[in-house]
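Structure file structure12.cif; described as mmCIF, N, CA, C and O atoms.
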```cif
data_run
#
loop_
_atom_site.label_atom_id
_atom_site.label_comp_id
_atom_site.auth_asym_id
_atom_site.auth_seq_id
_atom_site.Cartn_x
_atom_site.Cartn_y
_atom_site.Cartn_z
N MET A 109 55.14 83.58 20.28
CA MET A 109 55.28 83.94 21.68
C MET A 109 54.23 83.17 22.50
O MET A 109 53.07 83.13 22.14
N SER A 110 54.66 82.55 23.58
CA SER A 110 53.74 81.78 24.41
C SER A 110 53.00 82.68 25.39
O SER A 110 53.44 83.78 25.71
N SER A 111 51.88 82.19 25.89
CA SER A 111 51.08 82.97 26.84
C SER A 111 51.67 82.87 28.24
O SER A 111 52.49 81.99 28.52
N LEU A 112 51.23 83.74 29.11
CA LEU A 112 51.64 83.69 30.52
C LEU A 112 51.23 82.36 31.13
O LEU A 112 52.01 81.72 31.82
N ARG A 113 50.01 81.94 30.87
CA ARG A 113 49.51 80.67 31.44
C ARG A 113 50.41 79.51 31.03
O ARG A 113 50.70 78.63 31.83
N ALA A 114 50.87 79.50 29.80
CA ALA A 114 51.74 78.41 29.33
C ALA A 114 53.07 78.40 30.06
O ALA A 114 53.72 77.36 30.16
N ARG A 115 53.48 79.54 30.60
CA ARG A 115 54.76 79.62 31.29
C ARG A 115 54.66 79.34 32.80
O ARG A 115 55.67 79.20 33.46
N LEU A 116 53.44 79.26 33.33
CA LEU A 116 53.27 79.01 34.75
C LEU A 116 53.57 77.55 35.08
O LEU A 116 53.25 76.66 34.30
N ALA A 117 54.16 77.33 36.24
CA ALA A 117 54.49 75.96 36.68
C ALA A 117 53.35 75.38 37.52
O ALA A 117 53.53 74.36 38.17
N TYR A 118 52.19 76.03 37.54
CA TYR A 118 51.05 75.57 38.33
C TYR A 118 49.78 76.02 37.62
O TYR A 118 49.82 76.84 36.71
N GLU A 119 48.67 75.46 38.03
CA GLU A 119 47.38 75.84 37.46
C GLU A 119 46.74 76.90 38.36
O GLU A 119 46.44 76.63 39.52
N PRO A 120 46.56 78.12 37.87
CA PRO A 120 45.95 79.17 38.70
C PRO A 120 44.54 78.79 39.13
O PRO A 120 43.82 78.11 38.39
N ARG A 121 44.15 79.21 40.31
CA ARG A 121 42.79 78.98 40.81
C ARG A 121 42.14 80.33 41.07
O ARG A 121 42.76 81.22 41.64
N GLU A 122 40.90 80.43 40.68
CA GLU A 122 40.16 81.67 40.89
C GLU A 122 39.89 81.85 42.37
O GLU A 122 39.46 80.91 43.05
N LEU A 123 40.16 83.04 42.88
CA LEU A 123 39.87 83.33 44.28
C LEU A 123 38.38 83.58 44.43
O LEU A 123 37.73 84.09 43.52
N GLN A 124 37.82 83.21 45.56
CA GLN A 124 36.41 83.41 45.84
C GLN A 124 36.25 84.68 46.68
O GLN A 124 37.20 85.17 47.27
N PHE A 125 35.04 85.18 46.76
CA PHE A 125 34.77 86.35 47.58
C PHE A 125 33.66 85.98 48.55
O PHE A 125 32.57 85.58 48.13
N GLY A 126 33.96 86.06 49.84
CA GLY A 126 32.99 85.73 50.87
C GLY A 126 32.47 86.97 51.56
O GLY A 126 32.80 88.09 51.19
N THR A 127 31.70 86.80 52.61
CA THR A 127 31.11 87.94 53.32
C THR A 127 32.16 88.81 54.00
O THR A 127 31.93 89.98 54.23
N SER A 128 33.32 88.23 54.29
CA SER A 128 34.38 89.00 54.96
C SER A 128 35.54 89.34 54.04
O SER A 128 36.59 89.75 54.49
N GLY A 129 35.38 89.14 52.75
CA GLY A 129 36.45 89.48 51.82
C GLY A 129 36.85 88.32 50.94
O GLY A 129 36.15 87.31 50.84
N ARG A 130 37.96 88.47 50.31
CA ARG A 130 38.47 87.48 49.37
C ARG A 130 38.86 86.20 50.08
O ARG A 130 39.39 86.23 51.17
N ARG A 131 38.61 85.08 49.45
CA ARG A 131 38.89 83.78 50.05
C ARG A 131 39.77 82.96 49.13
O ARG A 131 39.59 82.95 47.92
N GLY A 132 40.72 82.27 49.70
CA GLY A 132 41.58 81.38 48.93
C GLY A 132 42.61 80.76 49.85
O GLY A 132 42.94 81.32 50.90
N GLU A 133 43.11 79.58 49.47
CA GLU A 133 44.14 78.94 50.26
C GLU A 133 45.46 79.67 50.04
O GLU A 133 45.79 80.06 48.92
N VAL A 134 46.21 79.86 51.11
CA VAL A 134 47.45 80.62 51.05
C VAL A 134 48.39 80.07 49.98
O VAL A 134 49.03 80.83 49.27
N LEU A 135 48.44 78.77 49.83
CA LEU A 135 49.36 78.20 48.86
C LEU A 135 49.03 78.61 47.43
O LEU A 135 49.88 78.55 46.55
N HIS A 136 47.81 79.08 47.17
CA HIS A 136 47.43 79.53 45.84
C HIS A 136 47.60 81.04 45.67
O HIS A 136 47.36 81.55 44.58
N LEU A 137 48.00 81.72 46.71
CA LEU A 137 48.17 83.17 46.64
C LEU A 137 49.61 83.50 46.25
O LEU A 137 50.42 83.93 47.07
N THR A 138 49.92 83.30 45.00
CA THR A 138 51.25 83.64 44.50
C THR A 138 51.33 85.15 44.30
O THR A 138 50.32 85.87 44.37
N GLN A 139 52.51 85.64 44.03
CA GLN A 139 52.66 87.07 43.78
C GLN A 139 51.80 87.52 42.60
O GLN A 139 51.24 88.62 42.60
N LEU A 140 51.65 86.66 41.61
CA LEU A 140 50.83 87.00 40.45
C LEU A 140 49.37 87.19 40.84
O LEU A 140 48.75 88.19 40.47
N GLU A 141 48.80 86.25 41.60
CA GLU A 141 47.41 86.38 42.02
C GLU A 141 47.19 87.59 42.91
O GLU A 141 46.21 88.30 42.78
N VAL A 142 48.11 87.83 43.82
CA VAL A 142 47.99 88.99 44.70
C VAL A 142 48.03 90.28 43.88
O VAL A 142 47.21 91.18 44.06
N TYR A 143 48.95 90.36 42.94
CA TYR A 143 49.06 91.56 42.09
C TYR A 143 47.79 91.78 41.27
O TYR A 143 47.24 92.88 41.24
N ILE A 144 47.32 90.74 40.60
CA ILE A 144 46.13 90.86 39.76
C ILE A 144 44.93 91.33 40.57
O ILE A 144 44.19 92.23 40.17
N ASN A 145 44.74 90.73 41.74
CA ASN A 145 43.58 91.09 42.56
C ASN A 145 43.71 92.46 43.19
O ASN A 145 42.76 93.23 43.23
N ALA A 146 44.89 92.81 43.67
CA ALA A 146 45.09 94.14 44.26
C ALA A 146 44.92 95.22 43.20
O ALA A 146 44.28 96.25 43.44
N ARG A 147 45.45 94.99 42.02
CA ARG A 147 45.32 95.96 40.93
C ARG A 147 43.84 96.17 40.56
O ARG A 147 43.38 97.29 40.37
N ALA A 148 43.10 95.07 40.48
CA ALA A 148 41.67 95.17 40.15
C ALA A 148 40.91 95.93 41.24
O ALA A 148 40.03 96.75 40.93
N GLU A 149 41.24 95.66 42.50
CA GLU A 149 40.57 96.37 43.61
C GLU A 149 40.82 97.87 43.52
O GLU A 149 39.90 98.68 43.67
N VAL A 150 42.06 98.26 43.29
CA VAL A 150 42.41 99.68 43.21
C VAL A 150 41.71 100.33 42.03
O VAL A 150 41.15 101.43 42.15
N GLU A 151 41.71 99.67 40.87
CA GLU A 151 41.04 100.24 39.71
C GLU A 151 39.54 100.42 39.98
O GLU A 151 38.95 101.42 39.58
N TYR A 152 38.93 99.45 40.65
CA TYR A 152 37.52 99.56 40.99
C TYR A 152 37.28 100.74 41.93
O TYR A 152 36.38 101.56 41.70
N LEU A 153 38.08 100.85 42.99
CA LEU A 153 37.90 101.95 43.94
C LEU A 153 38.13 103.31 43.30
O LEU A 153 37.47 104.28 43.63
N LEU A 154 39.06 103.38 42.35
CA LEU A 154 39.29 104.64 41.64
C LEU A 154 38.11 105.01 40.74
O LEU A 154 37.90 106.19 40.46
N SER A 155 37.34 104.01 40.32
CA SER A 155 36.20 104.29 39.44
C SER A 155 34.98 104.79 40.20
O SER A 155 34.06 105.32 39.59
N LEU A 156 34.95 104.61 41.52
CA LEU A 156 33.81 105.04 42.33
C LEU A 156 33.93 106.49 42.75
O LEU A 156 35.03 107.01 42.95
N GLU A 157 32.80 107.13 42.95
CA GLU A 157 32.80 108.47 43.52
C GLU A 157 33.18 108.36 44.99
O GLU A 157 32.93 107.35 45.65
N ARG A 158 33.78 109.42 45.53
CA ARG A 158 34.22 109.40 46.93
C ARG A 158 33.07 109.08 47.87
O ARG A 158 33.22 108.35 48.83
N GLY A 159 31.91 109.62 47.61
CA GLY A 159 30.76 109.40 48.47
C GLY A 159 30.25 107.96 48.44
O GLY A 159 29.46 107.57 49.28
N ARG A 160 30.72 107.19 47.48
CA ARG A 160 30.31 105.78 47.37
C ARG A 160 31.47 104.85 47.72
O ARG A 160 31.49 103.69 47.33
N GLY A 161 32.47 105.39 48.43
CA GLY A 161 33.59 104.56 48.87
C GLY A 161 34.80 104.62 47.97
O GLY A 161 35.77 103.89 48.18
N GLY A 162 34.78 105.49 46.99
CA GLY A 162 35.90 105.60 46.06
C GLY A 162 37.11 106.28 46.69
O GLY A 162 37.02 106.90 47.75
N VAL A 163 38.23 106.14 46.04
CA VAL A 163 39.47 106.76 46.48
C VAL A 163 40.03 107.61 45.34
O VAL A 163 39.59 107.48 44.21
N VAL A 164 40.97 108.47 45.68
CA VAL A 164 41.64 109.28 44.67
C VAL A 164 43.13 108.97 44.73
O VAL A 164 43.65 108.59 45.78
N PRO A 165 43.83 109.13 43.59
CA PRO A 165 45.27 108.86 43.59
C PRO A 165 45.99 109.66 44.67
O PRO A 165 45.68 110.82 44.92
N GLY A 166 46.92 109.02 45.35
CA GLY A 166 47.69 109.68 46.39
C GLY A 166 47.19 109.42 47.80
O GLY A 166 47.89 109.65 48.77
N GLU A 167 45.93 108.93 47.91
CA GLU A 167 45.40 108.61 49.23
C GLU A 167 46.01 107.32 49.75
O GLU A 167 46.43 106.46 48.97
N ASP A 168 46.04 107.17 51.06
CA ASP A 168 46.50 105.93 51.66
C ASP A 168 45.53 104.81 51.31
O ASP A 168 44.32 105.01 51.20
N PHE A 169 46.09 103.63 51.12
CA PHE A 169 45.29 102.45 50.78
C PHE A 169 45.86 101.29 51.58
O PHE A 169 47.06 101.04 51.56
N TYR A 170 45.03 100.59 52.33
CA TYR A 170 45.51 99.53 53.22
C TYR A 170 44.97 98.17 52.79
O TYR A 170 43.83 98.06 52.37
N VAL A 171 45.81 97.18 52.88
CA VAL A 171 45.43 95.80 52.57
C VAL A 171 45.78 94.97 53.80
O VAL A 171 46.84 95.15 54.40
N ALA A 172 44.89 94.06 54.18
CA ALA A 172 45.13 93.22 55.36
C ALA A 172 45.07 91.75 54.96
O ALA A 172 44.51 91.40 53.93
N ALA A 173 45.66 90.93 55.79
CA ALA A 173 45.63 89.48 55.56
C ALA A 173 45.34 88.77 56.87
O ALA A 173 45.73 89.23 57.94
N ASP A 174 44.63 87.68 56.77
CA ASP A 174 44.33 86.85 57.93
C ASP A 174 44.66 85.42 57.53
O ASP A 174 43.97 84.84 56.69
N LEU A 175 45.70 84.86 58.06
CA LEU A 175 46.18 83.54 57.65
C LEU A 175 45.67 82.41 58.53
O LEU A 175 46.31 81.38 58.65
N ARG A 176 44.51 82.61 59.14
CA ARG A 176 43.95 81.52 59.96
C ARG A 176 43.77 80.28 59.17
O ARG A 176 43.38 80.20 58.08
#
```
File written out as structure tokens:
Amino acid sequence: MSSLRARLAYEPRELQFGTSGRRGEVLHLTQLEVYINARAEVEYLLSLERGRGGVVPGEDFYVAADLR
């Protein structure tokens, strides 16, 4: 069985994190990269206590994009 990377038609690029959030060129933000990063963000927020910015399952969660 081949790996996911072997099946991709492009070379994934690691997204950077700047002072205002995640950074990356739009052309590199495929559905796979968006899913992986959004999933990691949610898992991280679920691991935090509410008083430290954590969330609980069922709460609203918002994601924004700025395509400047």
Show me, as an NGL selection string, the residues that have an atom within 8 Å of region 131-145 of chain A when counting only N, CA, C and O atoms, minus same-chain residues fewer than 4 positions from it. :A and (119-127 or 149-152 or 174-176)
Computed gap from CA of Tyr170 (chain A) to atom O of Ala146 (chain A) is 10.4 Å
With DSSP run on the backbone, what are the strand (DSSP E) residues within chain A? I'd like them as number ranges by chain. A: 124-126, 129-131
Centre and edge lengths of an axis-aligned box around all listed atoms of region 130-148 of chain A, with 3 Å added on each side, are to be given in Å to one decimal, as AutoDock Vina command-line options.
```
--center_x 45.3 --center_y 87.7 --center_z 45.5 --size_x 20.7 --size_y 25.1 --size_z 17.4
```
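A straight line drawn from atom C of Val171 (chain A) to atom C of Ala117 (chain A) is 26.6 Å long.
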Atom-to-atom span, atom C of Arg160 (chain A) and atom N of Ala172 (chain A), Å: 18.4 Å
Mind the document's chain letters and residue numbers, and return as a ChimeraX atom specification the residues of chain A that DSSP labels helix (DSSP H, G or I). /A:112-115,134-136,139-155,158-160
